[in-house]
Every structure is written in C-alpha cells, then in structure tokens.
Amino acid sequence: MSAATVHQTQGGTLARASLADQTKGLSTLPENKHKVWSPSLVVVYVVLIVLALVWIFPVIYTISTSFKSPQEFLENAYNFLPAKWVTDNYVSLLEASASYPVFNWLGNSLIISLSHGFLAVCVVALAGFGYSRINFKGRDTLFFVLLLISMFPGVVNMIPSYRIVATLGWINSYWSCIIPGLGNVANIFLVRNFMKGIPVEIDEAAEIDGASDFRIFRSIMLPAIKPILIVIFLFAFTGAWNDFLWPTLVFNDIKKTPVTAGLQLLGNQMMQYNQMGTLCAATCMAIIPTLLLFVFAQRYFLQSLNITSGLKG
Amino acid sequence: MSNTASMTSIQTGARHEASGKKGRPLGQKSFWHALPYIAPHMLVFAVFGIIPIFFGIYLAFTRWNLVGSPKWVGLSNFKLIFDPSSYFYSIFWRDLWHTVLFVVISVPLTIIVPLLLAVILQKKGLHGVGLFQAIFYVPGLISVAAGALVWRLVFNSQFGLLNTTFRWDINWLGKQPWAWIALFVMCLWGGIGGNLIIYRSALSGVDKDLYEAASMDGAGSVRQFFAITLPAIRLPLFYTTIMTTSGAFNVWGQPQMLTGGGPAYTTQVTLMDIRNLAFPSGPSAAGMASAMALLLGIILMVISLVQIFYMNKED
C-alpha cells in the first residue's frame with residue numbers, strides 16, 4: 001500500500017530505487033547523511049503518516065460527531081465533518097444530567113484523581129526516604145519482602161479488598177478509590193533508587209550541622225526528587241482517572257460514581273436509542289482532562305517511561 | 001535529639017559504612033527512626049496488599065455470598081471447576097481459553113508493532129518524531145471505558161465509520177471472527193504507546209558505532225536488527241513482555257465495553273466470570289469466584305516466574 005503511494009507521488013523510479021535501497025540495506029551510511037530526501041525516508045514518512053492518521057482518526061471522529069446534530073448523524077453518519085457545527089449534544093447532556101449526571105461524574109473523577117495523586121506523592125516520598133536514607137537494621141530485607149509480596153497477582157485481592165472497603169464503610173465513598181492504590185510498592189522502588197543516586201555526603205554534612213531527619217527530607221531530598229515525584233503524580237492521576245473495574249464494584253450510587261463507571265451505563269443506554277452524538281459528547285468530556293494533562297506535561301509523561309523501564313536495581 | 005544520635009553513629013558505624021554501598025546515610029539507626037516515614041505506606045500496604053492475599057486464598061476454600069460469613073467447604077470449589085459436568089467447569093475453561101487466546105495474539109502485537117515503530121522512528125533525517133510519538137502514545141492515556149465507546153462508533157454495523165466509509169456490510173461486534181479482530185484492533189490502538197516510548201529510549205542507548213561497523217561488513221538492515229538491535233535492548237524487551245503479558249491476562253474492560261463478552265460468549269474472559277460471579281445483581285458466589293481468581297493468579301505467577309527465570313539466564 002505504501003509502495004503504491006510512493007509510486008503515485010514520486011514516480012516509478014523512486015519506488016524502484018527504494019526497493020534497491022532496502023536490499024542494499026543502508027541509508028545510514030555516512031555519505032547519505034546530507035541527503036534530505038532519500039527514497040527510504042519517503043517510504044518511512046508514508047508509513048508513519050498513514051499509521052498516525054489511523055491512530056488519531058477515531059478520536060477526531062468522535063469529537064466531530066459530538067458536534068453533529070442528531071438529525072444529521074442519522075441521515076449521513078459517514079460525513080466525516082459535520083455540515084453544520086452544533087452544540088446540541090452538549091446541551092442535551094446538560095439537560096439529561098438528572099438521569100445521567102455527567103458533570104457529577106467528572107467532578108467525582110477529578111476529586112478522586114487529584115487526591116489520589118497528591119497522597120501517592122506524599123506516601124511515596126516519605127517511604128522512599130525511609131527505605132533509602134535511614135539506615136535501620138533489616139531495612140533492605142524488609143523492602144525486599146515488600147517487593148516480593150507486591151508481585152503476588154492482584155486478581156486474588158479484588159474480592160477481599162471489596163470486603164475490606166465495605167467493612168470500613170467506604171462503599172459509595174471517594175476513599176474506596178483514593179486509598180487502596182497508595183500501597184503501590186513499585187513507585188517506592190523507583191524513588192528509592194533515585195535517592196540512592198544522591199551522594200550520601202550531603203546527608204552527612206547536614207547531620208553534622210545538626211539537621212534532623214525530617215529537615216534533611218524536606219530541605220534536601222524533596223527538591224532533589226521533584227522530577228520523579230511529578231512523574232508519580234501524573235501516573236497516579238491518570239491511573240485513578242482511567243480505573244474502571246474497581247469503581248464499578250464500589251459505587252452503586254450513580255451520583256457518586258467516577259466517569260469511567262458512569263460512561264458504561266451511559267454507553268449501553270444511549271447506544272440503544274441511537275443517541276450517538278450525545279454519547280460522543282460525554283466521551284469527549286471524559287477524555288479531555290487526561291489529554292490536557294498530557295499536553296502540558298508531555299515531557300514528564302515521556303520521561304517517566306524511561307525511568308520505569310530502567311527497573312533494573 | 002537526632003544530633004546526639006548522629007554523633008554516636010559517626011563514632012560507631014560511619015567508618016565501615018563509608019566503605020560500603022552508595023546512598024547509605026551516616027550510620028545505623030533504629031527502626032523507630034524510620035517508622036514515621038514508612039508507616040503510612042506500611043499501613044495501606046498491610047490493609048490492601050497483605051491481608052487480601054491471605055483472605056483471598058482462604059475465600060477460595062469457602063462458600064460465600066459476599067454479605068454473611070464465609071463457610072469452609074474445603075476443595076469443593078476446585079472440584080466443581082475440574083468436574084466436566086459442572087456449570088463452573090464449562091464457563092471457567094471456555095473463558096480461560098479465550099483469555100489465553102487474547103494473550104497469545106495481543107501480547108506479540110503489542111510488543112512487535114511498537115518495536116518496529118521505534119526502529120522506524122530512529123531513522124536519520126526524520127522530522128516530527130516527537131509528534132508521531134505523541135500521536136501513538138495518546139490513546140494509551142484514554143480510559144478503556146471512553147476508548148471503547150469511540151471504537152463502538154467506528155465498528156458499529158449500521159452507521160459505523162468503517163462500514164459507511166468502505167461500503168462494507170460487516171457485523172463487527174456481533175459475529176466472529178470480526179469481534180475478535182475489533183477487540184485486537186482496539187487493544188493495539190491503546191496498548192502500543194507505553195512500550196513504544198520504552199523501546200525508543202532503549203534504542204537511543206545502543207552504540208551507533210556497532211551499526212557502522214556492521215554495515216562496513218556488509219550486514220543488511222534486517223541482519224543488523226537481529227544481530228545488534230535485539231540483543232542490545234533485550235532487557236527492556238523482557239520487562240515489557242512480562243508487564244504486557246500480566247496485563248493481558250487481566251483483560252476485562254475492553255471486551256466488557258466493546259463486545260460485552262459476545263457474540264454468544266465468544267469474547268468472554270476469565271476476569272468477567274470472576275466479576276460476574278462475585279458481584280452479580282442476584283446472589284453472589286464469591287467463594288467460587290475467589291477459587292477462579294486463585295487459579296488465574298497461579299497461572300499468572302508461573303508465567304511471570306518462567307519469564308523472569310529466562311531473563312536471569314540470559315543475563
């Protein structure tokens with residue numbers, strides 16, 4: 001398919017040249033460096049652009065559908081862009097908020113995700129400090145045991161966790177989605193490794209100057225580990241925002257539920273009545289917060305994966 | 001207060017600490033010094049990390065309706081799961097097979113496609129790499145619940161984007177193998193971003209001179225990929241394989257939202273059974289669900305251990 005496209009755009013010679021180039025194998029030879037438009041580069045561009053379009057298309061299609069009037073959607077759904085951009089769907093979403101409180105859901109998700117993100121950062125920073133800079137006896141053994149336990153498959157924990165949450169009286173409460181995830185050990189592992197890279201002489205000097213442990217934590221360590229804490233916040237936030245199975249278990253009050261669990265209800269209802277535009281509007285609203293976060297913190301999102309993949313002690 | 005403590009530790013512990021590892025503080029301190037820092041995590045981890053493991057294993061040997069107290073029934077749940085005439089046998093093995101099928105197809109896809117993309121994005125003279133990377137990464141940030149609604153719009157048989165654009169008449173979500181294909185497309189769409197970033201950073205660390213030397217020796221790009229690239233990034237490759245595999249075994253949201261397990265339960269996976277048995281609208285069979293969860297957990301653990309074992313051997 002891509003070869004055909006090259007054929008059209010660049011002519012037959014180029015397509016053949018690209019084949020020759022592939023068999024020869026190398027476009028990275030030093031003498032090739034200054035050629036801006038090597039044939040293989042064209043192929044790469046075509047492949048990437050086609051794939052990128054496929055990847056982004058569903059999202060754009062959803063956004064565009066959310067601005068189509070219901071009539072237009074029924075008449076010609078296959079028009080990619082709306083003939084007339086209308087906000088009817090968003091208005092009807094607002095009107096349906098008695099039976100489908102989408103704005104409540106978004107508020108719930110926001111409260112849960114922000115609190116979970118903030119608390120995760122606090123818990124991880126403290127524990128990371130405890131496991132890396134305070135040299136108590138059996139520290140590394142204790143941490144190793146925690147790591148080992150945390151590798152136990154989480155699927156076994158689901159039903160008991162529900163029971164514990166119920167015992168604590170957290171059914172239909174934000175706490176049920178904010179607290180359990182704070183037990184994550186992998187994040188502490190990351191922070192601990194990060195902190196171990198900070199020269200120990202800094203602590204020693206501060207201690208000799210009479211700084212307490214907490215002072216060292218607050219004034220030296222916290223600023224030093226800020227980048228990784230931002231990463232942990234972003235991941236905790238999006239994790240809580242996108243969590244799906246657990247909220248469907250612990251919320252049965254439709255007003256209290258976060259947006260993922262709410263969307264499930266909405267999806268089934270609105271598909272049945274062909275209210276696709278309204279459904280798309282709700283979907284867009286659920287997607288936008290994480291997308292905005294990504295736009296503003298793209299650097300950290302992309303860095304974070306480098307850090308987490310370096311999971312080798 | 002900690003001043004005196006640290007002064008004594010300088011005298012006692014600091015000397016042989018200095019000879020040891022990096023990142024160690026001044027000297028030995030008592031557990032109580034660390035407790036205020038590790039306690040918040042310890043508490044949550046005990047309640048939601050340790051207790052549920054034992055409780056969950058116990059529940060697998062009980063009959064329980066989620067409300068009253070569990071009743072010990074020994075191996076009865078497992079006997080039913082392994083008894084061909086039982087209902088639980090029929091759903092567990094059918095849906096475990098679906099889960100395995102999902103793992104076997106989706107894991108290679110979510111490893112190989114981002115790897116190839118990462119290699120392509122390494123190409124010299126390519127502009128807009130950051131933009132491409134962002135486009136492939138963003139679907140992973142969209143919740144499965146919202147993403148599935150997007151894909152239901154695309155795959156809808158009457159007015160879906162695919163059928164209307166290409167004038168097809170395919171019942172995507174209501175007929176096999178289309179339902180599986182739709183599911184894999186959606187999972188691939190949302191699943192490559194994270195791995196792509198990991199491979200990109202791993203590839204950027206590979207020594208460029210190796211490629212130059214190999215090309216001098218006349219090795220083609222395919223040969224170079226297998227001889228240089230793959231061995232150089234095998235650790236991130238193992239890491240992503242383990243993470244992707246365990247993620248795929250826990251698949252729930254995608255089939256739940258996209259196909260609802262249909263058509264005719266052909267995309268029903270194990271986690272859906274566990275959830276439906278434990279948390280139905282009617283009477284709950286949480287003990288049976290726990291037994292199924294334990295079996296799935298054991299399978300997962302064995303697979304992870306095998307992978308880690310091979311990783312260590314390779315190392």
# chains A, B, ... in the order shown; residues from 1 in each chain; ligands from 1
>>> select_by_dssp(residues="region 97-271 of chain A", states="alpha helix (DSSP H)", output="PyMOL selection string")
chain A and resi 102-132+139-150+158-167+175-178+186-196+200-208+213-215+222-224+226-242+245-250+259-271
>>> closest_atom_pairs(of="chain B", to="chain A", cutoff="6 Å", atoms="only C-alpha atoms", output="CSV")
residue,atom,partner,partner_atom,distance
B:Ser2,CA,A:Ser212,CA,5.7
B:Asn3,CA,A:Gly210,CA,5.4
B:Gly23,CA,A:Lys196,CA,4.2
B:Arg24,CA,A:Arg133,CA,5.8
B:Pro25,CA,A:Arg133,CA,5.2
B:Leu26,CA,A:Glu204,CA,5.7
B:Gln28,CA,A:Asn135,CA,5.1
B:Lys29,CA,A:Phe136,CA,4.7
B:Ser30,CA,A:Phe136,CA,5.1
B:Phe31,CA,A:Phe136,CA,5.2
B:Ala34,CA,A:Gly130,CA,5.2
B:Tyr37,CA,A:Leu126,CA,4.7
B:Ile38,CA,A:Ala127,CA,4.4
B:His41,CA,A:Gly183,CA,5.7
B:Val44,CA,A:Gly183,CA,5.1
B:Phe45,CA,A:Gly183,CA,4.3
B:Phe48,CA,A:Pro180,CA,5.7
B:Pro52,CA,A:Asn157,CA,5.0
B:Ile53,CA,A:Asn157,CA,5.7
B:Gly56,CA,A:Pro160,CA,5.6
B:Ile142,CA,A:Ile287,CA,5.9
B:Ser143,CA,A:Asn242,CA,4.4
B:Ala145,CA,A:Thr260,CA,5.5
B:Ala146,CA,A:Thr283,CA,5.4
B:Phe159,CA,A:Ala77,CA,5.9
B:Thr164,CA,A:Tyr78,CA,5.5
B:Ile198,CA,A:Asn306,CA,5.8
B:Gly220,CA,A:Gly25,CA,4.6
B:Ser221,CA,A:Gly25,CA,4.9
B:Ala293,CA,A:Val156,CA,5.2
B:Leu294,CA,A:Val156,CA,5.6
B:Gly297,CA,A:Pro153,CA,5.2
>>> residues_around(residues="Asp253 (chain A)", least_positions_apart="5", cutoff="10 Å", atoms="only C-alpha atoms", output="list in words")
Ile171, Asn172 and Ser173 of chain A
>>> atom_distance(atom1="CA of Leu183 (chain B)", atom2="CA of Asn195 (chain B)")
18.9 Å
>>> select_by_dssp(residues="region 8-170 of chain B", states="strand (DSSP E)", output="MDAnalysis selection string")
chainID B and resid 62:63 71:72
>>> residues_around(residues="region 300-315 of chain B", least_positions_apart="6", cutoff="7 Å", atoms="only C-alpha atoms", output="PDB file with N, CA and C atoms, in the first residue's frame")
ATOM      1  N   PRO A 153      -0.108 -11.907  42.237  1.00  0.00           N
ATOM      2  CA  PRO A 153      -1.108 -11.420  41.278  1.00  0.00           C
ATOM      3  C   PRO A 153      -2.292 -10.729  41.951  1.00  0.00           C
TER       4      PRO A 153
ATOM      5  N   PHE B 238      12.309  -7.842  27.658  1.00  0.00           N
ATOM      6  CA  PHE B 238      11.800  -8.778  28.658  1.00  0.00           C
ATOM      7  C   PHE B 238      10.839  -8.073  29.616  1.00  0.00           C
ATOM      8  N   ILE B 242       6.916  -9.099  30.144  1.00  0.00           N
ATOM      9  CA  ILE B 242       6.316  -9.522  31.416  1.00  0.00           C
ATOM     10  C   ILE B 242       5.128  -8.632  31.759  1.00  0.00           C
ATOM     11  N   SER B 246       1.127  -9.957  31.840  1.00  0.00           N
ATOM     12  CA  SER B 246       0.262  -9.983  33.021  1.00  0.00           C
ATOM     13  C   SER B 246      -0.908  -9.036  32.833  1.00  0.00           C
TER      14      SER B 246
END
>>> closest_residue(among="B:Ala214, B:Val150, B:Ala202, B:Val113", to="Leu230 (chain B)", atoms="only C-alpha atoms")
B:Ala202
>>> residues_around(residues="Phe237 (chain A)", least_positions_apart="3", cutoff="6 Å", atoms="only C-alpha atoms", output="ChimeraX atom specification")
/A:113,117,233-234,240
>>> atom_distance(atom1="CA of Ala206 (chain A)", atom2="CA of Ile220 (chain A)")
8.9 Å
>>> residues_around(residues="region 82-90 of chain B", least_positions_apart="3", cutoff="12 Å", atoms="only C-alpha atoms", output="PyMOL selection string")
chain B and resi 75-79+93-97+265+270+273-274+277+285+288-289+291-292+295
>>> atom_distance(atom1="CA of Thr110 (chain B)", atom2="CA of Asn171 (chain B)")
25.2 Å
>>> closest_residue(among="A:Lys255, A:Lys68, A:His116, A:Lys84", to="Cys177 (chain A)", atoms="only C-alpha atoms")
A:His116
>>> decode(residues="region 68-87 of chain A", atoms="N, CA, C and O atoms", output="compact mmCIF listing (two decimals), in the first residue's frame")
# COMPACT_ATOMS: atom_id res chain seq x y z
N LYS A 68 -22.18 17.10 15.67
CA LYS A 68 -23.19 16.92 14.63
C LYS A 68 -24.57 16.96 15.28
O LYS A 68 -24.75 16.42 16.37
N SER A 69 -25.54 17.51 14.58
CA SER A 69 -26.90 17.47 15.11
C SER A 69 -27.41 16.03 15.00
O SER A 69 -26.98 15.29 14.10
N PRO A 70 -28.29 15.60 15.92
CA PRO A 70 -28.80 14.21 15.88
C PRO A 70 -29.38 13.85 14.52
O PRO A 70 -29.16 12.74 14.02
N GLN A 71 -30.11 14.80 13.89
CA GLN A 71 -30.69 14.51 12.57
C GLN A 71 -29.59 14.22 11.57
O GLN A 71 -29.64 13.25 10.81
N GLU A 72 -28.59 15.08 11.58
CA GLU A 72 -27.52 14.91 10.61
C GLU A 72 -26.83 13.57 10.80
O GLU A 72 -26.48 12.89 9.83
N PHE A 73 -26.67 13.18 12.05
CA PHE A 73 -26.00 11.90 12.31
C PHE A 73 -26.79 10.74 11.72
O PHE A 73 -26.24 9.83 11.13
N LEU A 74 -28.13 10.80 11.89
CA LEU A 74 -28.96 9.71 11.37
C LEU A 74 -28.99 9.71 9.85
O LEU A 74 -28.98 8.66 9.22
N GLU A 75 -29.00 10.91 9.27
CA GLU A 75 -29.12 10.99 7.82
C GLU A 75 -27.83 10.59 7.11
O GLU A 75 -27.84 9.74 6.24
N ASN A 76 -26.76 11.23 7.48
CA ASN A 76 -25.49 10.84 6.85
C ASN A 76 -24.36 10.78 7.87
O ASN A 76 -23.58 11.71 8.03
N ALA A 77 -24.32 9.64 8.52
CA ALA A 77 -23.32 9.43 9.56
C ALA A 77 -21.91 9.41 8.98
O ALA A 77 -20.95 9.70 9.67
N TYR A 78 -21.83 9.06 7.69
CA TYR A 78 -20.50 8.87 7.12
C TYR A 78 -19.81 10.16 6.74
O TYR A 78 -18.65 10.17 6.35
N ASN A 79 -20.54 11.27 6.80
CA ASN A 79 -19.84 12.55 6.64
C ASN A 79 -18.85 12.71 7.78
O ASN A 79 -19.25 12.68 8.94
N PHE A 80 -17.60 12.87 7.41
CA PHE A 80 -16.63 12.92 8.49
C PHE A 80 -16.79 14.19 9.33
O PHE A 80 -16.88 14.13 10.55
N LEU A 81 -16.87 15.32 8.66
CA LEU A 81 -17.06 16.56 9.40
C LEU A 81 -18.54 16.95 9.36
O LEU A 81 -19.22 16.69 8.37
N PRO A 82 -19.05 17.53 10.43
CA PRO A 82 -20.45 17.94 10.41
C PRO A 82 -20.68 19.02 9.36
O PRO A 82 -19.83 19.89 9.14
N ALA A 83 -21.84 18.96 8.67
CA ALA A 83 -22.19 20.01 7.71
C ALA A 83 -22.40 21.32 8.47
O ALA A 83 -22.02 22.39 8.00
N LYS A 84 -23.00 21.19 9.62
CA LYS A 84 -23.20 22.35 10.47
C LYS A 84 -22.74 22.00 11.87
O LYS A 84 -23.16 20.98 12.42
N TRP A 85 -21.85 22.80 12.42
CA TRP A 85 -21.35 22.52 13.77
C TRP A 85 -22.38 23.01 14.79
O TRP A 85 -22.69 24.18 14.83
N VAL A 86 -22.90 22.08 15.59
CA VAL A 86 -23.87 22.49 16.61
C VAL A 86 -23.44 21.94 17.97
O VAL A 86 -22.68 20.98 18.06
N THR A 87 -23.93 22.59 19.01
CA THR A 87 -23.59 22.14 20.36
C THR A 87 -24.77 21.43 21.03
O THR A 87 -24.78 21.24 22.23
